[in-house]
>>> print(open('upload16.txt').read())   # compact mmCIF, C-alpha atoms
# COMPACT_ATOMS: atom_id res chain seq x y z
CA MET A 299 19.03 -96.73 -110.41
CA TYR A 300 21.38 -95.13 -107.92
CA LEU A 301 23.62 -97.10 -105.57
CA TYR A 302 25.55 -95.55 -102.70
CA LEU A 303 28.28 -97.65 -101.07
CA ILE A 304 28.96 -96.32 -97.58
CA ARG A 305 31.90 -97.55 -95.51
CA HIS A 306 31.27 -97.91 -91.76
CA GLY A 307 32.74 -95.31 -89.39
CA ILE A 308 35.84 -95.51 -87.20
CA ALA A 309 35.59 -98.54 -84.91
CA GLU A 310 37.35 -99.87 -81.84
CA ASP A 311 40.51 -101.92 -82.31
CA VAL A 312 40.02 -105.66 -82.33
CA ALA A 313 42.11 -105.68 -79.17
CA SER A 314 39.50 -103.84 -77.13
CA THR A 315 36.98 -106.64 -77.59
CA MET A 316 39.48 -109.45 -77.08
CA PRO A 317 39.33 -111.64 -73.99
CA ALA A 318 41.96 -111.11 -71.29
CA GLU A 319 45.08 -113.22 -71.66
CA ASN A 320 44.19 -115.62 -68.86
CA GLU A 321 40.60 -115.98 -70.08
CA VAL A 322 39.55 -119.05 -72.01
CA SER A 323 37.70 -118.11 -75.15
CA HIS A 324 36.40 -120.09 -78.05
CA GLN A 325 35.69 -116.92 -79.98
CA SER A 326 37.60 -116.86 -83.21
CA GLU A 327 39.32 -113.72 -84.39
CA ILE A 328 36.58 -113.31 -87.00
CA ASP A 329 33.87 -113.48 -84.33
CA ARG A 330 35.66 -110.84 -82.28
CA ASP A 331 36.08 -108.63 -85.32
CA GLU A 332 32.33 -108.82 -85.91
CA LEU A 333 31.67 -107.34 -82.46
CA ARG A 334 33.76 -104.18 -82.83
CA SER A 335 31.70 -101.05 -82.12
CA LEU A 336 32.02 -97.56 -83.50
CA THR A 337 34.12 -95.26 -81.34
CA LYS A 338 32.66 -92.01 -80.01
CA VAL A 339 34.54 -90.11 -82.73
CA GLY A 340 33.34 -92.65 -85.30
CA ARG A 341 29.71 -92.06 -84.29
CA LYS A 342 30.16 -88.30 -84.38
CA LYS A 343 31.69 -88.30 -87.85
CA ILE A 344 28.97 -90.54 -89.28
CA ALA A 345 26.35 -88.25 -87.72
CA GLN A 346 28.02 -85.25 -89.41
CA VAL A 347 28.03 -87.01 -92.77
CA ALA A 348 24.36 -87.94 -92.27
CA ASP A 349 23.48 -84.34 -91.34
CA ARG A 350 25.13 -83.12 -94.52
CA LEU A 351 23.22 -85.64 -96.66
CA THR A 352 19.98 -84.62 -94.95
CA LYS A 353 20.73 -80.97 -95.71
CA LEU A 354 21.16 -81.97 -99.37
CA ASP A 355 17.68 -83.59 -99.28
CA MET A 356 19.14 -87.02 -99.97
CA THR A 357 17.05 -90.04 -99.09
CA PHE A 358 17.44 -93.73 -99.81
CA ASP A 359 14.51 -96.02 -100.56
CA LEU A 360 16.32 -98.67 -98.57
CA ILE A 361 19.53 -99.15 -96.59
CA VAL A 362 21.05 -102.64 -96.54
CA THR A 363 23.85 -103.21 -94.07
CA SER A 364 26.48 -105.78 -93.26
CA PRO A 365 25.50 -107.53 -90.01
CA LEU A 366 28.79 -106.56 -88.31
CA VAL A 367 28.27 -104.29 -85.32
CA ARG A 368 30.28 -101.34 -86.68
CA ALA A 369 28.36 -101.40 -89.98
CA HIS A 370 24.96 -101.89 -88.35
CA GLN A 371 25.62 -98.98 -85.97
CA THR A 372 26.62 -96.81 -88.95
CA ALA A 373 23.39 -97.73 -90.74
CA GLU A 374 21.35 -97.01 -87.59
CA ILE A 375 22.73 -93.48 -87.45
CA LEU A 376 21.66 -92.95 -91.09
CA ILE A 377 18.18 -94.23 -90.18
CA ASP A 378 18.04 -92.01 -87.06
CA LYS A 379 18.82 -89.04 -89.30
CA GLN A 380 15.88 -90.05 -91.50
CA LEU A 381 17.91 -90.79 -94.60
CA SER A 382 15.74 -93.87 -95.02
CA SER A 383 12.85 -95.55 -93.24
CA GLN A 384 13.86 -99.07 -94.22
CA LEU A 385 16.83 -101.04 -92.93
CA GLU A 386 17.71 -104.61 -93.91
CA VAL A 387 20.67 -106.84 -93.18
CA SER A 388 22.54 -108.94 -95.74
CA ALA A 389 25.20 -111.44 -94.66
CA ASP A 390 26.75 -111.09 -98.13
CA LEU A 391 27.89 -107.59 -97.15
CA LYS A 392 30.27 -109.04 -94.53
CA PRO A 393 34.01 -108.48 -95.16
CA ILE A 394 34.22 -112.04 -96.49
CA GLY A 395 31.27 -111.45 -98.84
CA ASN A 396 31.58 -111.25 -102.58
CA LEU A 397 29.75 -109.22 -105.18
CA PRO A 398 28.17 -112.06 -107.23
CA ALA A 399 26.68 -113.60 -104.06
CA TRP A 400 25.28 -110.26 -102.92
CA LEU A 401 23.89 -109.55 -106.41
CA MET A 402 22.06 -112.89 -106.34
CA TRP A 403 20.55 -111.93 -102.97
CA TRP A 404 19.65 -108.49 -104.29
CA GLN A 405 18.00 -109.90 -107.40
CA ALA A 406 15.81 -112.19 -105.28
CA ARG A 407 15.09 -109.33 -102.86
CA THR A 408 13.89 -106.97 -105.58
CA ILE A 409 11.67 -109.23 -107.68
CA ASP A 410 8.43 -107.24 -107.96
CA ARG A 411 9.85 -104.67 -105.54
CA PRO A 412 12.07 -102.34 -107.56
CA ILE A 413 14.21 -99.87 -105.63
CA SER A 414 15.54 -96.75 -107.32
CA THR A 415 17.93 -95.38 -104.66
CA LEU A 416 19.78 -97.88 -102.53
CA ALA A 417 22.48 -97.39 -99.91
CA ILE A 418 24.60 -100.30 -98.70
CA VAL A 419 26.79 -100.11 -95.62
CA GLY A 420 29.85 -102.32 -95.42
CA HIS A 421 33.58 -102.76 -95.49
CA GLU A 422 36.86 -102.34 -97.26
CA PRO A 423 38.47 -103.58 -99.40
CA ASN A 424 35.14 -104.95 -100.65
CA PHE A 425 33.34 -101.72 -101.36
CA SER A 426 35.99 -99.89 -103.39
CA GLN A 427 36.53 -103.11 -105.35
CA TRP A 428 32.78 -103.61 -105.88
CA ALA A 429 32.54 -100.03 -107.13
CA GLU A 430 35.38 -100.72 -109.57
CA LEU A 431 33.61 -103.88 -110.74
CA PHE A 432 30.37 -101.95 -111.30
CA VAL A 433 32.19 -99.21 -113.22
CA PHE A 434 34.97 -101.01 -115.11
CA GLY A 435 34.08 -104.67 -114.86
CA LYS A 436 37.34 -105.43 -113.05
CA VAL A 437 39.18 -104.67 -109.83
CA VAL A 438 42.05 -102.21 -110.22
CA ASP A 439 42.48 -101.20 -106.56
CA ARG A 440 42.58 -97.52 -107.37
CA PHE A 441 39.55 -96.16 -105.52
CA MET A 442 40.30 -94.86 -102.02
CA LEU A 443 37.32 -95.23 -99.68
CA LYS A 444 37.89 -93.92 -96.17
CA LYS A 445 35.83 -94.87 -93.13
CA GLY A 446 32.57 -92.94 -93.41
CA GLY A 447 33.26 -92.29 -97.09
CA ILE A 448 30.68 -92.70 -99.84
CA ILE A 449 30.83 -93.87 -103.45
CA GLY A 450 27.80 -92.97 -105.59
CA LEU A 451 27.03 -94.93 -108.77
CA LYS A 452 24.43 -94.36 -111.46
CA PHE A 453 23.11 -97.26 -113.53
CA ALA A 454 21.39 -96.96 -116.88
CA ASP A 455 18.27 -98.79 -115.65
CA ASP A 456 17.03 -100.49 -112.48
CA ARG A 457 19.51 -103.34 -112.77
CA LEU A 458 22.82 -103.40 -110.87
CA ALA A 459 24.94 -104.79 -113.69
CA ILE A 460 28.73 -105.16 -113.53
CA GLY A 461 30.67 -102.90 -115.88
CA THR A 462 27.77 -100.56 -116.53
CA ALA A 463 27.84 -97.86 -113.83
CA GLN A 464 28.92 -94.25 -114.00
CA LEU A 465 30.83 -92.82 -111.06
CA MET A 466 28.82 -89.87 -109.72
CA CYS A 467 30.89 -89.26 -106.61
CA LEU A 468 33.60 -90.60 -104.35
CA MET A 469 33.57 -88.58 -101.17
CA PRO A 470 35.93 -88.78 -98.23
CA PRO A 471 34.00 -87.96 -95.04
CA LYS A 472 36.03 -84.86 -94.27
CA TYR A 473 34.38 -83.03 -97.17
CA LEU A 474 30.97 -83.85 -95.74
CA GLY A 475 31.73 -83.24 -92.06
CA ASP A 476 32.45 -80.08 -90.13
CA GLY A 477 35.69 -79.25 -91.92
CA LYS A 478 37.95 -80.94 -89.35
CA ASN A 479 39.96 -84.06 -90.05
CA MET B 216 52.07 -85.75 -105.61
CA TYR B 217 48.45 -84.64 -105.51
CA LEU B 218 46.54 -83.40 -108.56
CA TYR B 219 43.11 -81.78 -108.37
CA LEU B 220 41.19 -81.38 -111.63
CA ILE B 221 38.59 -78.66 -111.22
CA ARG B 222 35.93 -78.00 -113.84
CA HIS B 223 35.00 -74.35 -114.42
CA GLY B 224 31.69 -73.05 -113.05
CA ILE B 225 28.39 -72.44 -114.82
CA ALA B 226 28.94 -70.06 -117.76
CA GLU B 227 26.85 -67.97 -120.11
CA ASP B 228 25.44 -69.62 -123.21
CA VAL B 229 27.47 -69.17 -126.35
CA ALA B 230 24.50 -67.24 -127.69
CA SER B 231 24.88 -64.39 -125.24
CA THR B 232 28.31 -63.50 -126.61
CA MET B 233 27.34 -63.94 -130.26
CA PRO B 234 27.17 -60.94 -132.56
CA ALA B 235 23.74 -59.68 -133.58
CA GLU B 236 22.36 -61.22 -136.73
CA ASN B 237 22.98 -58.17 -138.87
CA GLU B 238 26.46 -57.68 -137.50
CA VAL B 239 29.45 -58.71 -139.57
CA SER B 240 31.82 -60.80 -137.52
CA HIS B 241 34.92 -62.74 -138.34
CA GLN B 242 34.87 -64.38 -134.92
CA SER B 243 34.71 -68.12 -135.21
CA GLU B 244 32.46 -70.15 -132.96
CA ILE B 245 35.54 -71.32 -131.08
CA ASP B 246 36.64 -67.73 -130.46
CA ARG B 247 33.20 -66.85 -129.15
CA ASP B 248 33.17 -69.92 -126.92
CA GLU B 249 36.47 -68.81 -125.42
CA LEU B 250 34.90 -65.54 -124.29
CA ARG B 251 32.00 -67.00 -122.31
CA SER B 252 31.95 -65.67 -118.72
CA LEU B 253 30.74 -67.30 -115.54
CA THR B 254 27.16 -66.44 -114.69
CA LYS B 255 26.31 -64.83 -111.36
CA VAL B 256 25.14 -68.24 -110.07
CA GLY B 257 28.30 -69.83 -111.46
CA ARG B 258 30.49 -67.38 -109.55
CA LYS B 259 28.53 -67.91 -106.36
CA LYS B 260 28.78 -71.70 -106.53
CA ILE B 261 32.52 -71.63 -107.19
CA ALA B 262 32.93 -69.24 -104.24
CA GLN B 263 31.01 -71.70 -102.03
CA VAL B 264 33.20 -74.60 -103.14
CA ALA B 265 36.30 -72.46 -102.49
CA ASP B 266 35.02 -71.50 -99.03
CA ARG B 267 34.54 -75.15 -98.18
CA LEU B 268 38.05 -76.06 -99.34
CA THR B 269 39.44 -73.16 -97.31
CA LYS B 270 37.59 -74.42 -94.24
CA LEU B 271 39.24 -77.81 -94.81
CA ASP B 272 42.67 -76.08 -94.80
CA MET B 273 43.30 -77.10 -98.39
CA THR B 274 45.91 -75.20 -100.34
CA PHE B 275 47.51 -75.76 -103.72
CA ASP B 276 51.17 -74.99 -104.41
CA LEU B 277 50.05 -73.82 -107.83
CA ILE B 278 46.89 -73.43 -109.89
CA VAL B 279 47.19 -73.80 -113.66
CA THR B 280 44.18 -72.78 -115.71
CA SER B 281 42.87 -73.04 -119.23
CA PRO B 282 43.05 -69.57 -120.83
CA LEU B 283 39.32 -69.56 -121.60
CA VAL B 284 37.45 -66.82 -119.75
CA ARG B 285 35.13 -69.13 -117.75
CA ALA B 286 38.07 -71.24 -116.55
CA HIS B 287 40.30 -68.25 -115.78
CA GLN B 288 37.50 -66.62 -113.80
CA THR B 289 37.01 -69.87 -111.85
CA ALA B 290 40.73 -69.99 -111.06
CA GLU B 291 40.70 -66.32 -109.99
CA ILE B 292 37.99 -67.05 -107.43
CA LEU B 293 40.14 -69.87 -105.99
CA ILE B 294 43.08 -67.44 -105.81
CA ASP B 295 40.90 -64.74 -104.20
CA LYS B 296 39.91 -67.30 -101.54
CA GLN B 297 43.64 -67.89 -100.91
CA LEU B 298 43.65 -71.52 -101.99
CA SER B 299 46.91 -70.72 -103.77
CA SER B 300 49.17 -67.74 -104.30
CA GLN B 301 50.33 -68.82 -107.75
CA LEU B 302 48.30 -68.83 -110.95
CA GLU B 303 49.59 -69.82 -114.38
CA VAL B 304 47.91 -70.33 -117.74
CA SER B 305 48.44 -73.29 -120.05
CA ALA B 306 46.98 -73.33 -123.56
CA ASP B 307 47.07 -77.14 -123.42
CA LEU B 308 44.21 -77.01 -120.90
CA LYS B 309 41.86 -75.60 -123.58
CA PRO B 310 38.91 -77.84 -124.57
CA ILE B 311 40.88 -78.90 -127.66
CA GLY B 312 43.94 -79.74 -125.56
CA ASN B 313 45.19 -83.24 -124.98
CA LEU B 314 46.87 -84.90 -122.03
CA PRO B 315 50.21 -85.84 -123.64
CA ALA B 316 50.72 -82.25 -124.83
CA TRP B 317 49.91 -80.85 -121.40
CA LEU B 318 52.17 -83.39 -119.70
CA MET B 319 55.06 -82.28 -121.93
CA TRP B 320 54.38 -78.69 -120.91
CA TRP B 321 54.16 -79.71 -117.27
CA GLN B 322 57.40 -81.67 -117.39
CA ALA B 323 59.24 -78.66 -118.80
CA ARG B 324 57.53 -76.37 -116.26
CA THR B 325 58.60 -78.43 -113.27
CA ILE B 326 62.24 -79.18 -114.07
CA ASP B 327 64.05 -78.14 -110.88
CA ARG B 328 60.76 -76.79 -109.51
CA PRO B 329 58.82 -79.74 -108.09
CA ILE B 330 55.23 -79.13 -107.05
CA SER B 331 53.53 -81.43 -104.57
CA THR B 332 49.92 -80.21 -104.73
CA LEU B 333 48.64 -78.93 -108.05
CA ALA B 334 45.19 -77.81 -109.11
CA ILE B 335 44.27 -77.46 -112.77
CA VAL B 336 41.15 -75.67 -113.96
CA GLY B 337 39.61 -76.67 -117.26
CA HIS B 338 36.88 -78.35 -119.23
CA GLU B 339 34.84 -81.42 -119.99
CA PRO B 340 35.01 -83.97 -121.48
CA ASN B 341 38.78 -83.52 -121.14
CA PHE B 342 39.10 -83.59 -117.37
CA SER B 343 37.07 -86.68 -116.56
CA GLN B 344 38.87 -88.46 -119.41
CA TRP B 345 42.28 -87.26 -118.22
CA ALA B 346 41.45 -88.52 -114.73
CA GLU B 347 40.52 -91.89 -116.20
CA LEU B 348 43.81 -91.96 -118.13
CA PHE B 349 45.76 -91.17 -114.97
CA VAL B 350 43.92 -93.87 -113.01
CA PHE B 351 43.32 -96.66 -115.54
CA GLY B 352 45.53 -95.80 -118.47
CA LYS B 353 42.52 -95.55 -120.78
CA VAL B 354 39.36 -93.52 -121.34
CA VAL B 355 36.18 -95.31 -120.29
CA ASP B 356 33.83 -92.29 -120.08
CA ARG B 357 32.48 -93.32 -116.70
CA PHE B 358 33.51 -90.42 -114.46
CA MET B 359 30.85 -87.71 -114.10
CA LEU B 360 32.39 -84.28 -113.49
CA LYS B 361 29.88 -81.48 -113.04
CA LYS B 362 30.63 -77.79 -113.43
CA GLY B 363 32.48 -76.73 -110.30
CA GLY B 364 33.21 -80.38 -109.49
CA ILE B 365 36.59 -81.67 -108.39
CA ILE B 366 38.52 -84.89 -109.01
CA GLY B 367 41.43 -85.54 -106.63
CA LEU B 368 44.25 -87.91 -107.61
CA LYS B 369 47.20 -89.21 -105.62
CA PHE B 370 50.38 -90.28 -107.38
CA ALA B 371 53.04 -92.55 -105.92
CA ASP B 372 55.79 -89.96 -106.40
CA ASP B 373 56.18 -86.46 -107.84
CA ARG B 374 55.58 -87.59 -111.41
CA LEU B 375 52.20 -87.36 -113.13
CA ALA B 376 52.32 -90.72 -114.88
CA ILE B 377 49.42 -92.21 -116.84
CA GLY B 378 47.87 -95.34 -115.32
CA THR B 379 49.42 -94.79 -111.87
CA ALA B 380 47.03 -92.60 -109.88
CA GLN B 381 44.65 -93.47 -107.06
CA LEU B 382 41.28 -91.77 -107.01
CA MET B 383 41.00 -89.89 -103.70
CA CYS B 384 37.78 -88.08 -104.47
CA LEU B 385 35.27 -87.14 -107.12
CA MET B 386 33.06 -84.41 -105.75
CA PRO B 387 30.03 -82.80 -107.32
CA PRO B 388 29.85 -79.16 -106.21
CA LYS B 389 26.55 -79.60 -104.39
CA TYR B 390 28.28 -81.59 -101.66
CA LEU B 391 30.75 -78.75 -101.16
CA GLY B 392 28.32 -75.85 -101.44
CA ASP B 393 25.54 -74.66 -99.18
CA GLY B 394 23.37 -77.73 -99.61
CA LYS B 395 21.24 -76.30 -102.42
CA ASN B 396 21.33 -77.60 -105.96
>>> encode(input="upload16.txt", output="structure tokens")
Amino acid sequence: MYLYLIRHGIAEDVASTMPAENEVSHQSEIDRDELRSLTKVGRKKIAQVADRLTKLDMTFDLIVTSPLVRAHQTAEILIDKQLSSQLEVSADLKPIGNLPAWLMWWQARTIDRPISTLAIVGHEPNFSQWAELFVFGKVVDRFMLKKGGIIGLKFADDRLAIGTAQLMCLMPPKYLGDGKN
Amino acid sequence: MYLYLIRHGIAEDVASTMPAENEVSHQSEIDRDELRSLTKVGRKKIAQVADRLTKLDMTFDLIVTSPLVRAHQTAEILIDKQLSSQLEVSADLKPIGNLPAWLMWWQARTIDRPISTLAIVGHEPNFSQWAELFVFGKVVDRFMLKKGGIIGLKFADDRLAIGTAQLMCLMPPKYLGDGKN
């Protein structure tokens, strides 16, 4: 089984979705963070990455995304570019999510419905740490995953087991885009 | 300091450089292996990778290559594409080389001549294992480095110390080429 961990693209600052100073708001900082959208540049770069993957004939059986706006918008661009026809949302892919919880969800999701190539769209520092857990069985904080970057893992069978993956690729978006930073 | 480990391109089979059956030869298998050249496809793919790196404005202060023909030819293509103006050969980058020996050579080489971006051209399984040593301090055999693939490491200072690097990228050549496998 192949798993691609894709970090969302460049998003607005938290500040731009914050209420004005004299405005009363019961939104917590976490709620506001969840509403941040991709910037115009962020959308463009994700579209370039998606175009490159399309050119390489890559497709995913399924894309699962964090429900946060910036992640969902990133996943939608991948769907628009026909990298997959299936999009699902998993709350365990939120920035506060953890790998064991998501794996439990995934296990339930895939009973009798095996998936051989999965892409998940989410956040840092989760995704680089999850990749390290899949590869080494522990977090070492050594993988650098930029916004719009992709980590590709290969598992021996159709089970996403911790400490069993091979690292196929870790790609900063600039290598997949148009050659501009 | 940045270190890029680049695996040589696709090379001829050992067989194609072997003496005919009725020919007397004192060449060992290792000697014959050292003479293997890049194939036409191998040259083309390395040139595509080099073109992509050039487009990304990448340059190396120095390229150090294994003396084996397929590695040296790979390094020459990178030089031809102006990714560096300096090429050196290190016998410690041979397939039988080991990281501590090469690091000793490198330390001597760089006394009073610091290098901030270095590319080394060599072989598997050495290079993926060396990258793992730089990142984790031990070999786990989990990094997949294809022919023409690149691993990019970032060190905290200008010293190549084992167990201290961050993994910036691990790129199979197909993502850097023309989109064909």
>>> interface_residues(input="upload16.txt", of="chain A", to="chain B", cutoff="10 Å", atoms="only C-alpha atoms", output="PyMOL selection string")
chain A and resi 350-355+433-434+438-444+447-452+461-470+472-479
>>> atom_distance(input="upload16.txt", atom1="atom CA of Arg457 of chain A", atom2="atom CA of Phe432 of chain A")
11.0 Å
>>> closest_residue(input="upload16.txt", among="A:Leu376, A:Val312, A:Leu391, A:Val437", to="Glu327 of chain A", atoms="only C-alpha atoms")
A:Val312
>>> closest_residue(input="upload16.txt", among="A:Ile413, A:Ile308, A:Leu366, A:Ile361", to="Gly395 of chain A", atoms="all atoms listed in the file")
A:Leu366
>>> atom_distance(input="upload16.txt", atom1="atom CA of Met319 of chain B", atom2="atom CA of Asp307 of chain B")
9.6 Å
>>> closest_residue(input="upload16.txt", among="A:Leu336, A:Val347, A:Val362, A:Ala454", to="Ser382 of chain A", atoms="only C-alpha atoms")
A:Val362
>>> residues_around(input="upload16.txt", residues="Pro398 of chain A", least_positions_apart="5", cutoff="10 Å", atoms="only C-alpha atoms", output="JSON, numbers by chain")
{"A": [390, 403, 404, 428, 460]}
>>> atom_distance(input="upload16.txt", atom1="atom CA of Arg324 of chain B", atom2="atom CA of Ser281 of chain B")
15.3 Å
>>> axis_aligned_box(input="upload16.txt", around="segment 253-270 of chain B", padding_each_side="4 Å", output="lines of an AutoDock Vina configuration file")
center_x = 32.3
center_y = -70.4
center_z = -104.9
size_x = 22.3
size_y = 19.2
size_z = 29.3
>>> residues_around(input="upload16.txt", residues="Ala373 of chain A", least_positions_apart="6", cutoff="12 Å", atoms="only C-alpha atoms", output="JSON, numbers by chain")
{"A": [303, 304, 305, 306, 307, 336, 341, 344, 345, 347, 348, 358, 360, 361, 362, 363, 364, 365, 366, 367, 379, 380, 381, 382, 383, 384, 385, 386, 387, 417, 418, 419, 420, 446]}
>>> build_atoms(input="upload16.txt", residues="segment 416-432 of chain A", atoms="N, CA, C and O atoms", output="PDB file, keeping the file's coordinate frame")
ATOM      1  N   LEU A 416      19.377 -96.932-103.569  1.00  0.00           N
ATOM      2  CA  LEU A 416      19.780 -97.880-102.530  1.00  0.00           C
ATOM      3  C   LEU A 416      21.096 -97.460-101.910  1.00  0.00           C
ATOM      4  O   LEU A 416      22.015 -97.042-102.619  1.00  0.00           O
ATOM      5  N   ALA A 417      21.183 -97.565-100.581  1.00  0.00           N
ATOM      6  CA  ALA A 417      22.480 -97.390 -99.910  1.00  0.00           C
ATOM      7  C   ALA A 417      22.852 -98.708 -99.254  1.00  0.00           C
ATOM      8  O   ALA A 417      22.002 -99.372 -98.651  1.00  0.00           O
ATOM      9  N   ILE A 418      24.116 -99.106 -99.410  1.00  0.00           N
ATOM     10  CA  ILE A 418      24.600-100.300 -98.700  1.00  0.00           C
ATOM     11  C   ILE A 418      25.743 -99.872 -97.796  1.00  0.00           C
ATOM     12  O   ILE A 418      26.544 -98.995 -98.147  1.00  0.00           O
ATOM     13  N   VAL A 419      25.773-100.464 -96.603  1.00  0.00           N
ATOM     14  CA  VAL A 419      26.790-100.110 -95.620  1.00  0.00           C
ATOM     15  C   VAL A 419      27.671-101.329 -95.378  1.00  0.00           C
ATOM     16  O   VAL A 419      27.160-102.418 -95.069  1.00  0.00           O
ATOM     17  N   GLY A 420      28.960-101.169 -95.547  1.00  0.00           N
ATOM     18  CA  GLY A 420      29.850-102.320 -95.420  1.00  0.00           C
ATOM     19  C   GLY A 420      31.302-101.939 -95.244  1.00  0.00           C
ATOM     20  O   GLY A 420      31.607-100.943 -94.586  1.00  0.00           O
ATOM     21  N   HIS A 421      32.174-102.715 -95.869  1.00  0.00           N
ATOM     22  CA  HIS A 421      33.580-102.760 -95.490  1.00  0.00           C
ATOM     23  C   HIS A 421      34.534-102.580 -96.676  1.00  0.00           C
ATOM     24  O   HIS A 421      34.151-102.768 -97.825  1.00  0.00           O
ATOM     25  N   GLU A 422      35.772-102.300 -96.303  1.00  0.00           N
ATOM     26  CA  GLU A 422      36.860-102.340 -97.260  1.00  0.00           C
ATOM     27  C   GLU A 422      37.660-103.628 -97.044  1.00  0.00           C
ATOM     28  O   GLU A 422      37.646-104.172 -95.941  1.00  0.00           O
ATOM     29  N   PRO A 423      38.343-104.164 -98.062  1.00  0.00           N
ATOM     30  CA  PRO A 423      38.470-103.580 -99.400  1.00  0.00           C
ATOM     31  C   PRO A 423      37.294-103.885-100.317  1.00  0.00           C
ATOM     32  O   PRO A 423      37.307-103.453-101.467  1.00  0.00           O
ATOM     33  N   ASN A 424      36.280-104.585 -99.796  1.00  0.00           N
ATOM     34  CA  ASN A 424      35.140-104.950-100.650  1.00  0.00           C
ATOM     35  C   ASN A 424      34.570-103.791-101.454  1.00  0.00           C
ATOM     36  O   ASN A 424      34.427-103.877-102.679  1.00  0.00           O
ATOM     37  N   PHE A 425      34.188-102.717-100.717  1.00  0.00           N
ATOM     38  CA  PHE A 425      33.340-101.720-101.360  1.00  0.00           C
ATOM     39  C   PHE A 425      34.038-100.958-102.486  1.00  0.00           C
ATOM     40  O   PHE A 425      33.431-100.692-103.529  1.00  0.00           O
ATOM     41  N   SER A 426      35.312-100.597-102.293  1.00  0.00           N
ATOM     42  CA  SER A 426      35.990 -99.890-103.390  1.00  0.00           C
ATOM     43  C   SER A 426      36.156-100.847-104.574  1.00  0.00           C
ATOM     44  O   SER A 426      36.037-100.443-105.734  1.00  0.00           O
ATOM     45  N   GLN A 427      36.380-102.126-104.268  1.00  0.00           N
ATOM     46  CA  GLN A 427      36.530-103.110-105.350  1.00  0.00           C
ATOM     47  C   GLN A 427      35.189-103.375-106.047  1.00  0.00           C
ATOM     48  O   GLN A 427      35.134-103.523-107.271  1.00  0.00           O
ATOM     49  N   TRP A 428      34.109-103.421-105.276  1.00  0.00           N
ATOM     50  CA  TRP A 428      32.780-103.610-105.880  1.00  0.00           C
ATOM     51  C   TRP A 428      32.464-102.421-106.787  1.00  0.00           C
ATOM     52  O   TRP A 428      31.915-102.594-107.887  1.00  0.00           O
ATOM     53  N   ALA A 429      32.795-101.231-106.317  1.00  0.00           N
ATOM     54  CA  ALA A 429      32.540-100.030-107.130  1.00  0.00           C
ATOM     55  C   ALA A 429      33.325-100.128-108.442  1.00  0.00           C
ATOM     56  O   ALA A 429      32.808 -99.824-109.521  1.00  0.00           O
ATOM     57  N   GLU A 430      34.570-100.563-108.350  1.00  0.00           N
ATOM     58  CA  GLU A 430      35.380-100.720-109.570  1.00  0.00           C
ATOM     59  C   GLU A 430      34.764-101.773-110.497  1.00  0.00           C
ATOM     60  O   GLU A 430      34.752-101.587-111.723  1.00  0.00           O
ATOM     61  N   LEU A 431      34.264-102.846-109.926  1.00  0.00           N
ATOM     62  CA  LEU A 431      33.610-103.880-110.740  1.00  0.00           C
ATOM     63  C   LEU A 431      32.367-103.308-111.434  1.00  0.00           C
ATOM     64  O   LEU A 431      32.142-103.564-112.626  1.00  0.00           O
ATOM     65  N   PHE A 432      31.574-102.537-110.707  1.00  0.00           N
ATOM     66  CA  PHE A 432      30.370-101.950-111.300  1.00  0.00           C
ATOM     67  C   PHE A 432      30.737-100.970-112.435  1.00  0.00           C
ATOM     68  O   PHE A 432      30.046-100.887-113.433  1.00  0.00           O
TER      69      PHE A 432
END
